[in-house]
file structure.txt (compact mmCIF, C-alpha atoms)
# COMPACT_ATOMS: atom_id res chain seq x y z
CA PRO A 1 0.00 0.00 0.00
CA TRP A 2 2.79 2.45 0.81
CA ALA A 3 3.98 2.24 -2.80
CA ILE A 4 0.65 3.23 -4.38
CA PRO A 5 1.10 7.03 -4.08
CA PHE A 6 4.59 6.76 -5.58
CA VAL A 7 3.24 4.69 -8.45
CA LEU A 8 0.43 7.12 -9.22
CA LEU A 9 2.78 10.13 -9.11
CA TYR A 10 5.32 8.55 -11.46
CA MET A 11 5.29 10.63 -14.65
CA PRO A 12 5.16 7.68 -17.10
CA VAL A 13 2.15 6.29 -15.22
CA ILE A 14 0.40 9.65 -15.44
CA GLU A 15 1.15 9.86 -19.15
CA ASN A 16 0.10 6.24 -19.58
CA PHE A 17 -3.37 6.92 -18.20
CA THR A 18 -3.90 10.35 -19.74
CA SER A 19 -3.01 9.06 -23.22
CA SER A 20 -4.74 5.66 -22.83
CA GLN A 21 -1.57 3.64 -23.39
CA LYS A 22 -0.68 0.08 -22.42
CA GLY A 23 2.24 0.66 -20.06
CA SER A 24 0.28 -0.41 -16.99
CA VAL A 25 -0.72 -3.66 -18.72
CA CYS A 26 2.93 -4.36 -19.55
CA LEU A 27 3.87 -3.68 -15.93
CA LEU A 28 1.18 -6.10 -14.74
CA VAL A 29 2.37 -8.82 -17.13
CA LEU A 30 6.02 -8.46 -16.12
CA THR A 31 5.17 -8.39 -12.41
CA ALA A 32 3.06 -11.53 -12.73
CA THR A 33 5.85 -13.16 -14.73
CA TYR A 34 8.37 -12.42 -11.99
CA CYS A 35 6.08 -13.63 -9.20
CA LEU A 36 5.38 -16.92 -10.99
CA MET A 37 9.05 -17.47 -11.81
CA ASN A 38 9.96 -16.67 -8.22
CA ARG A 39 7.62 -19.46 -7.12
CA ASP A 40 9.26 -21.83 -9.61
CA ARG A 41 6.14 -21.89 -11.79
CA ARG A 42 8.06 -21.52 -15.00
CA LEU A 43 5.37 -22.77 -17.37
CA GLY A 44 2.81 -20.35 -15.95
CA ALA A 45 5.35 -17.53 -16.06
CA GLY A 46 5.97 -18.21 -19.74
CA ILE A 47 2.25 -18.31 -20.51
CA VAL A 48 1.75 -14.93 -18.83
CA PHE A 49 4.86 -13.41 -20.40
CA GLY A 50 3.58 -14.44 -23.83
CA LEU A 51 0.78 -11.91 -23.39
CA LEU A 52 3.36 -9.23 -24.24
CA VAL A 53 3.33 -10.43 -27.84
CA PHE A 54 1.19 -7.37 -28.62
CA LYS A 55 4.30 -5.26 -27.86
CA PRO A 56 7.12 -7.41 -29.26
CA GLN A 57 9.95 -4.95 -28.58
CA LEU A 58 9.44 -5.53 -24.86
CA THR A 59 9.81 -9.30 -25.17
CA LEU A 60 13.25 -9.45 -26.79
CA VAL A 61 15.56 -9.38 -23.77
CA ILE A 62 13.67 -11.76 -21.49
CA ALA A 63 12.69 -14.14 -24.31
CA VAL A 64 16.28 -14.45 -25.57
CA THR A 65 17.53 -14.85 -21.99
CA MET A 66 15.17 -17.76 -21.37
CA PHE A 67 16.26 -19.42 -24.60
CA VAL A 68 19.94 -19.03 -23.74
CA LYS A 69 19.39 -20.23 -20.15
CA ARG A 70 17.44 -23.24 -21.50
CA GLU A 71 14.38 -22.47 -19.44
CA TRP A 72 12.32 -24.73 -21.67
CA ARG A 73 9.16 -24.73 -19.55
CA PHE A 74 9.10 -20.94 -19.71
CA VAL A 75 9.77 -21.03 -23.45
CA LEU A 76 6.99 -23.59 -23.95
CA GLY A 77 4.51 -21.42 -22.08
CA MET A 78 5.58 -18.32 -23.98
CA MET A 79 5.29 -20.05 -27.36
CA SER A 80 1.91 -21.49 -26.41
CA THR A 81 0.49 -18.04 -25.75
CA ALA A 82 2.09 -16.68 -28.91
CA THR A 83 0.52 -19.52 -30.90
CA VAL A 84 -2.92 -18.73 -29.51
CA PHE A 85 -2.53 -15.07 -30.47
CA LEU A 86 -1.29 -16.08 -33.92
CA SER A 87 -4.33 -18.30 -34.41
CA LEU A 88 -6.65 -15.49 -33.38
CA SER A 89 -4.86 -13.14 -35.76
CA LEU A 90 -5.28 -15.61 -38.62
CA CYS A 91 -9.01 -15.46 -38.00
CA LEU A 92 -8.80 -11.77 -38.91
CA GLY A 93 -7.03 -12.52 -42.17
CA ILE A 94 -3.55 -13.10 -43.57
CA ASP A 95 -3.09 -9.41 -44.29
CA VAL A 96 -3.34 -8.54 -40.59
CA CYS A 97 -0.59 -11.06 -39.78
CA ARG A 98 1.56 -9.74 -42.59
CA GLN A 99 1.23 -6.19 -41.29
CA TYR A 100 2.25 -7.33 -37.81
CA VAL A 101 5.36 -9.09 -39.14
CA VAL A 102 6.31 -6.10 -41.29
CA PHE A 103 5.87 -3.73 -38.36
CA SER A 104 7.91 -5.96 -36.02
CA LEU A 105 10.78 -6.34 -38.48
CA GLY A 106 10.77 -2.62 -39.22
CA ALA A 107 10.77 -1.51 -35.58
CA GLY A 108 14.25 -0.08 -36.00
CA ASP A 109 12.99 2.37 -38.63
CA TYR A 110 9.97 3.43 -36.62
CA LEU A 111 11.94 6.44 -35.39
CA ARG A 112 11.71 7.84 -38.93
CA THR A 113 7.92 7.95 -38.80
CA ALA A 114 6.57 11.43 -39.37
CA GLY A 115 5.83 13.12 -36.07
CA TYR A 116 7.94 10.72 -34.00
CA GLN A 117 9.08 12.54 -30.85
CA LEU A 118 12.75 11.65 -30.40
CA VAL A 119 12.90 13.66 -27.19
CA GLU A 120 10.49 11.14 -25.69
CA SER A 121 12.54 8.11 -26.73
CA HIS A 122 14.27 6.43 -23.79
CA CYS A 123 16.14 3.55 -25.41
CA LEU A 124 19.76 3.37 -26.59
CA TYR A 125 18.83 3.68 -30.24
CA GLY A 126 16.64 6.71 -29.68
CA PHE A 127 19.38 8.24 -27.53
CA PHE A 128 21.98 8.03 -30.29
CA VAL A 129 19.59 9.10 -33.06
CA LEU A 130 18.75 12.21 -31.03
CA LEU A 131 22.43 12.84 -30.31
CA THR A 132 23.70 12.42 -33.88
CA GLY A 133 20.69 13.82 -35.71
CA ASP A 134 17.98 11.87 -37.54
CA GLY A 135 19.39 12.33 -41.05
CA ASP A 136 21.75 9.41 -41.61
CA LEU A 137 21.14 6.68 -39.03
CA SER A 138 24.33 4.73 -39.79
CA LEU A 139 26.40 6.30 -37.01
CA ALA A 140 23.55 5.99 -34.53
CA ARG A 141 23.20 2.30 -35.35
CA VAL A 142 26.92 1.65 -34.91
CA LEU A 143 27.00 3.45 -31.56
CA THR A 144 23.87 1.61 -30.48
CA ALA A 145 25.37 -1.76 -31.43
CA VAL A 146 28.58 -1.07 -29.50
CA SER A 147 26.73 0.18 -26.43
CA ALA A 148 24.25 -2.69 -26.57
CA ALA A 149 27.11 -5.20 -26.74
CA ALA A 150 28.67 -3.66 -23.64
CA LEU A 151 25.38 -3.80 -21.73
CA ILE A 152 24.80 -7.40 -22.81
CA LEU A 153 28.21 -8.31 -21.39
CA VAL A 154 27.25 -6.67 -18.09
CA LEU A 155 23.91 -8.47 -18.08
CA GLY A 156 25.60 -11.75 -19.00
CA SER A 157 27.90 -11.49 -15.99
CA MET A 158 24.81 -11.34 -13.75
CA LEU A 159 23.15 -14.32 -15.40
CA ARG A 160 25.96 -16.86 -15.15
CA GLY A 161 24.85 -20.33 -14.13
CA THR A 162 21.27 -21.48 -13.73
CA LEU A 163 18.52 -19.10 -12.69
CA GLN A 164 18.00 -19.73 -8.97
CA THR A 165 14.43 -18.53 -8.64
CA GLY A 166 13.23 -17.64 -5.18
CA THR A 167 16.49 -15.96 -4.20
CA ARG A 168 17.56 -12.37 -3.76
CA ARG A 169 19.99 -12.86 -6.60
CA PHE A 170 17.12 -13.69 -8.95
CA ALA A 171 15.30 -10.54 -7.84
CA ALA A 172 18.37 -8.51 -8.83
CA GLN A 173 18.64 -10.41 -12.11
CA PHE A 174 15.02 -9.81 -13.04
CA ALA A 175 15.29 -6.12 -12.16
CA ALA A 176 18.29 -5.94 -14.49
CA LEU A 177 16.36 -7.72 -17.24
CA VAL A 178 13.59 -5.13 -17.01
CA ILE A 179 16.08 -2.26 -17.23
CA ALA A 180 17.82 -3.93 -20.18
CA THR A 181 14.42 -4.37 -21.85
CA VAL A 182 14.00 -0.60 -21.83
CA LEU A 183 17.52 0.18 -23.02
CA LEU A 184 17.66 -2.42 -25.81
CA SER A 185 14.19 -1.82 -27.20
CA PRO A 186 14.22 -0.47 -30.80
CA HIS A 187 11.93 2.34 -29.69
CA LEU A 188 10.35 3.22 -26.37
CA PHE A 189 8.29 6.21 -25.28
CA THR A 190 7.92 7.85 -21.88
CA TYR A 191 4.76 5.95 -20.95
CA ASP A 192 6.60 2.66 -21.56
CA LEU A 193 8.93 3.53 -18.66
CA THR A 194 6.04 2.42 -16.45
CA ILE A 195 7.62 -1.06 -16.42
CA LEU A 196 10.64 0.35 -14.56
CA LEU A 197 8.46 0.51 -11.45
CA LEU A 198 9.01 -3.23 -11.06
CA ALA A 199 12.80 -2.80 -11.22
CA MET A 200 12.62 0.06 -8.71
CA TYR A 201 10.49 -1.97 -6.32
CA LEU A 202 12.77 -4.99 -6.49
CA THR A 203 15.83 -2.81 -5.99
CA TRP A 204 14.37 -1.08 -2.94
CA LEU A 205 13.25 -4.39 -1.42
CA LEU A 206 16.68 -5.91 -1.94
CA LEU A 207 18.40 -3.01 -0.24
CA SER A 208 15.92 -2.67 2.61
CA HIS A 209 16.19 -6.35 3.56
CA ASP A 210 19.92 -6.82 3.11
CA GLN A 211 21.88 -5.88 6.21
CA ARG A 212 25.33 -6.60 4.82
CA PRO A 213 27.58 -3.54 4.61
CA VAL A 214 28.12 -2.82 0.93
CA GLY A 215 28.87 0.85 1.63
CA LYS A 216 28.85 3.23 -1.29
CA LEU A 217 27.32 0.64 -3.61
CA ARG A 218 24.12 0.60 -1.55
CA GLN A 219 24.00 4.39 -1.57
CA THR A 220 24.62 4.41 -5.31
CA LEU A 221 21.73 2.03 -5.99
CA VAL A 222 19.38 4.00 -3.77
CA SER A 223 20.36 7.24 -5.50
CA LEU A 224 20.06 5.81 -9.01
CA SER A 225 16.64 4.28 -8.39
CA LEU A 226 15.39 7.57 -6.92
CA VAL A 227 16.83 9.58 -9.81
CA ALA A 228 15.29 7.08 -12.25
CA TYR A 229 11.94 7.77 -10.59
CA VAL A 230 12.25 11.56 -10.86
CA SER A 231 14.10 11.94 -14.17
CA PRO A 232 11.17 11.36 -16.59
CA GLN A 233 9.64 14.62 -15.36
CA LEU A 234 12.64 16.58 -16.64
CA SER A 235 14.00 14.36 -19.40
CA VAL A 236 11.94 15.74 -22.30
CA TRP A 237 12.80 19.35 -21.48
CA LEU A 238 16.50 18.50 -21.12
CA ALA A 239 16.46 16.48 -24.34
CA GLU A 240 14.99 19.42 -26.23
CA SER A 241 17.66 21.72 -24.79
CA THR A 242 20.74 19.50 -25.01
CA SER A 243 19.88 16.62 -27.39
CA LEU A 244 20.76 14.25 -24.54
CA GLN A 245 18.27 11.84 -23.02
CA ILE A 246 19.37 11.60 -19.38
CA THR A 247 17.15 8.63 -18.58
CA VAL A 248 19.37 6.42 -20.73
CA PHE A 249 22.47 7.42 -18.73
CA ILE A 250 20.65 6.71 -15.48
CA GLN A 251 19.31 3.33 -16.59
CA ALA A 252 22.73 2.21 -17.84
CA ALA A 253 24.39 3.24 -14.58
CA TRP A 254 21.62 1.53 -12.61
CA LEU A 255 22.13 -1.71 -14.54
CA ILE A 256 25.89 -1.64 -13.96
CA ALA A 257 25.43 -0.94 -10.24
CA LEU A 258 22.96 -3.83 -9.96
CA SER A 259 25.46 -6.16 -11.62
CA ARG A 260 28.09 -5.19 -9.06
CA TYR A 261 25.63 -5.57 -6.21
CA ALA A 262 24.62 -9.03 -7.43
CA LYS A 263 28.16 -10.25 -6.77
CA TRP A 264 27.42 -9.87 -3.05
CA LEU A 265 24.32 -12.03 -3.25
CA PRO A 266 24.28 -15.82 -2.74
CA GLU A 267 24.03 -17.87 -5.92
CA ASP A 268 21.80 -20.60 -4.47
CA ARG A 269 19.07 -21.03 -1.89
CA ARG A 270 21.30 -22.92 0.53
CA SER A 271 23.49 -19.83 0.90
CA GLU A 272 20.57 -17.51 1.62
CA PRO A 273 20.53 -15.97 5.10
CA VAL A 274 17.87 -17.21 7.49
CA CYS A 275 14.97 -14.76 7.71
CA LYS A 276 11.48 -14.57 9.08
CA LYS A 277 8.87 -15.02 6.40
CA GLU A 278 6.46 -12.53 7.88
CA MET A 279 9.09 -9.78 7.82
CA VAL A 280 9.97 -10.00 4.13
CA PRO A 281 7.60 -9.15 1.25
CA GLU A 282 6.43 -12.08 -0.84
CA LEU A 283 8.22 -10.84 -3.94
CA LEU A 284 11.51 -11.81 -2.31
CA THR A 285 10.68 -14.72 -0.03
CA GLU A 286 9.70 -17.72 -2.06
CA GLY A 287 13.19 -19.20 -1.93
CA PRO A 288 14.92 -18.62 1.40
CA CYS A 289 11.79 -18.03 3.44
CA GLY A 290 9.07 -19.62 1.37
CA SER A 291 8.06 -23.14 0.56
CA SER A 292 9.42 -23.56 -2.94

call {"tool": "encode", "arguments": {"input": "structure.txt", "output": "structure tokens"}}
result
Amino acid sequence: PWAIPFVLLYMPVIENFTSSQKGSVCLLVLTATYCLMNRDRRLGAGIVFGLLVFKPQLTLVIAVTMFVKREWRFVLGMMSTATVFLSLSLCLGIDVCRQYVVFSLGAGDYLRTAGYQLVESHCLYGFFVLLTGDGDLSLARVLTAVSAAALILVLGSMLRGTLQTGTRRFAAQFAALVIATVLLSPHLFTYDLTILLLAMYLTWLLLSHDQRPVGKLRQTLVSLSLVAYVSPQLSVWLAESTSLQITVFIQAAWLIALSRYAKWLPEDRRSEPVCKKEMVPELLTEGPCGSS
């Protein structure tokens, strides 16, 4: 309950509701996906995650991660939902499916659409297109590819080994996956930043229930998550003035700090500290304090 006012005052949430967008639905799907995965219900998590097929750019990071990590039950659930949606689309006609495929494959060129507001783009690609100018996109694409490769290396260092769901480490990993989803999306508007609320919540829970002294790293994560919360209110104005989208800097720094913090966290349930179930929110307890 204490988080509700912060959620409602978050600028992307306000924009999401005032412009009738789907950011809140995406947040709900990702939150349900995390909760099911955290309870080791991988098939159900995949089925729920597959609901994001209506916004394919937000599925790339997590879907690829689950393939690479060989989370086959998750993949099966995800593909099952996608198949159902595909079947329903076929009922509307082949042309509808063709348009969906064309749009998905051309997501990288969506920034060239007339009226596209680059100052409201919060992904790496949008950041570099705004910085270099939207004439020739070659340089922006090269810079995006290099930056994306660096972030993928950081993310990969967090995801080594099997995914130990139900642990604090998995909470940090999923928060990082959500942040990476935003950064690596081909295009992403302000209202889509609504999904970062899940990453913020997981970060704050991790820090508030971890008593180990990690010094400046803890302070850095707290500061970055708070700045990530506030920055969308100023980002558009700053982008118009400087051609720099500050939210991308903040998200990248947040992801890197999370990867460093994850090194302090146990890699399996047996190494988790003993804790009282009633004292720790359910989002974090299904492993060390729950019954999974």

call {"tool": "closest_residue", "arguments": {"input": "structure.txt", "among": "A:Thr167, A:Ser89, A:Gln117, A:Gln173", "to": "Ser259 of chain A", "atoms": "only C-alpha atoms"}}
result
A:Gln173

call {"tool": "residues_near_point", "arguments": {"input": "structure.txt", "point": "(8.0, 5.4, -17.8)", "cutoff": "12 Å", "atoms": "only C-alpha atoms", "output": "NGL selection string"}}
result
:A and (7-17 or 21-24 or 26-27 or 120-123 or 178-179 or 182 or 188-200 or 228-233 or 235-236 or 247-248 or 251)

call {"tool": "closest_residue", "arguments": {"input": "structure.txt", "among": "A:Arg169, A:Lys69, A:Arg39, A:His187", "to": "Leu207 of chain A", "atoms": "only C-alpha atoms"}}
result
A:Arg169

call {"tool": "residues_around", "arguments": {"input": "structure.txt", "residues": "segment 49-58 of chain A", "least_positions_apart": "3", "cutoff": "7 Å", "atoms": "only C-alpha atoms", "output": "list in words"}}
result
Cys26, Val29, Leu30, Thr33, Ala45, Gly46, Met78, Met79, Thr81, Ala82, Ser104, Thr181, Ser185 and Pro186 of chain A

call {"tool": "residues_around", "arguments": {"input": "structure.txt", "residues": "Val129 of chain A", "least_positions_apart": "6", "cutoff": "8 Å", "atoms": "all atoms listed in the file", "output": "PyMOL selection string"}}
result
chain A and resi 118+137+140

call {"tool": "closest_residue", "arguments": {"input": "structure.txt", "among": "A:Leu124, A:Leu60, A:Val154, A:Ala3", "to": "Val142 of chain A", "atoms": "all atoms listed in the file"}}
result
A:Leu124

call {"tool": "closest_residue", "arguments": {"input": "structure.txt", "among": "A:Thr31, A:Leu205, A:Gln245, A:Ala253", "to": "Thr220 of chain A", "atoms": "only C-alpha atoms"}}
result
A:Ala253

call {"tool": "residues_around", "arguments": {"input": "structure.txt", "residues": "Val75 of chain A", "least_positions_apart": "2", "cutoff": "9 Å", "atoms": "only C-alpha atoms", "output": "list in words"}}
result
Arg42, Leu43, Gly46, Ile47, Ala63, Met66, Phe67, Arg70, Glu71, Trp72, Arg73, Gly77, Met78, Met79 and Ser80 of chain A

call {"tool": "atom_distance", "arguments": {"input": "structure.txt", "atom1": "atom CA of Val25 of chain A", "atom2": "atom CA of Ile4 of chain A"}}
result
16.0 Å

call {"tool": "closest_residue", "arguments": {"input": "structure.txt", "among": "A:Asp40, A:Thr65, A:Tyr261, A:Leu143", "to": "Arg160 of chain A", "atoms": "only C-alpha atoms"}}
result
A:Thr65

call {"tool": "atom_distance", "arguments": {"input": "structure.txt", "atom1": "atom CA of Leu163 of chain A", "atom2": "atom CA of Tyr125 of chain A"}}
result
28.8 Å

call {"tool": "atom_distance", "arguments": {"input": "structure.txt", "atom1": "atom CA of Ala171 of chain A", "atom2": "atom CA of Gly126 of chain A"}}
result
27.9 Å

call {"tool": "closest_residue", "arguments": {"input": "structure.txt", "among": "A:Arg98, A:Lys216, A:Arg41, A:His209", "to": "Gly166 of chain A", "atoms": "all atoms listed in the file"}}
result
A:Arg41

call {"tool": "residues_near_point", "arguments": {"input": "structure.txt", "point": "(23.8, -8.2, -3.2)", "cutoff": "8 Å", "atoms": "only C-alpha atoms", "output": "list in words"}}
result
Arg168, Arg169, Ala172, Leu206, Asp210, Arg260, Tyr261, Ala262, Lys263, Trp264, Leu265 and Pro266 of chain A
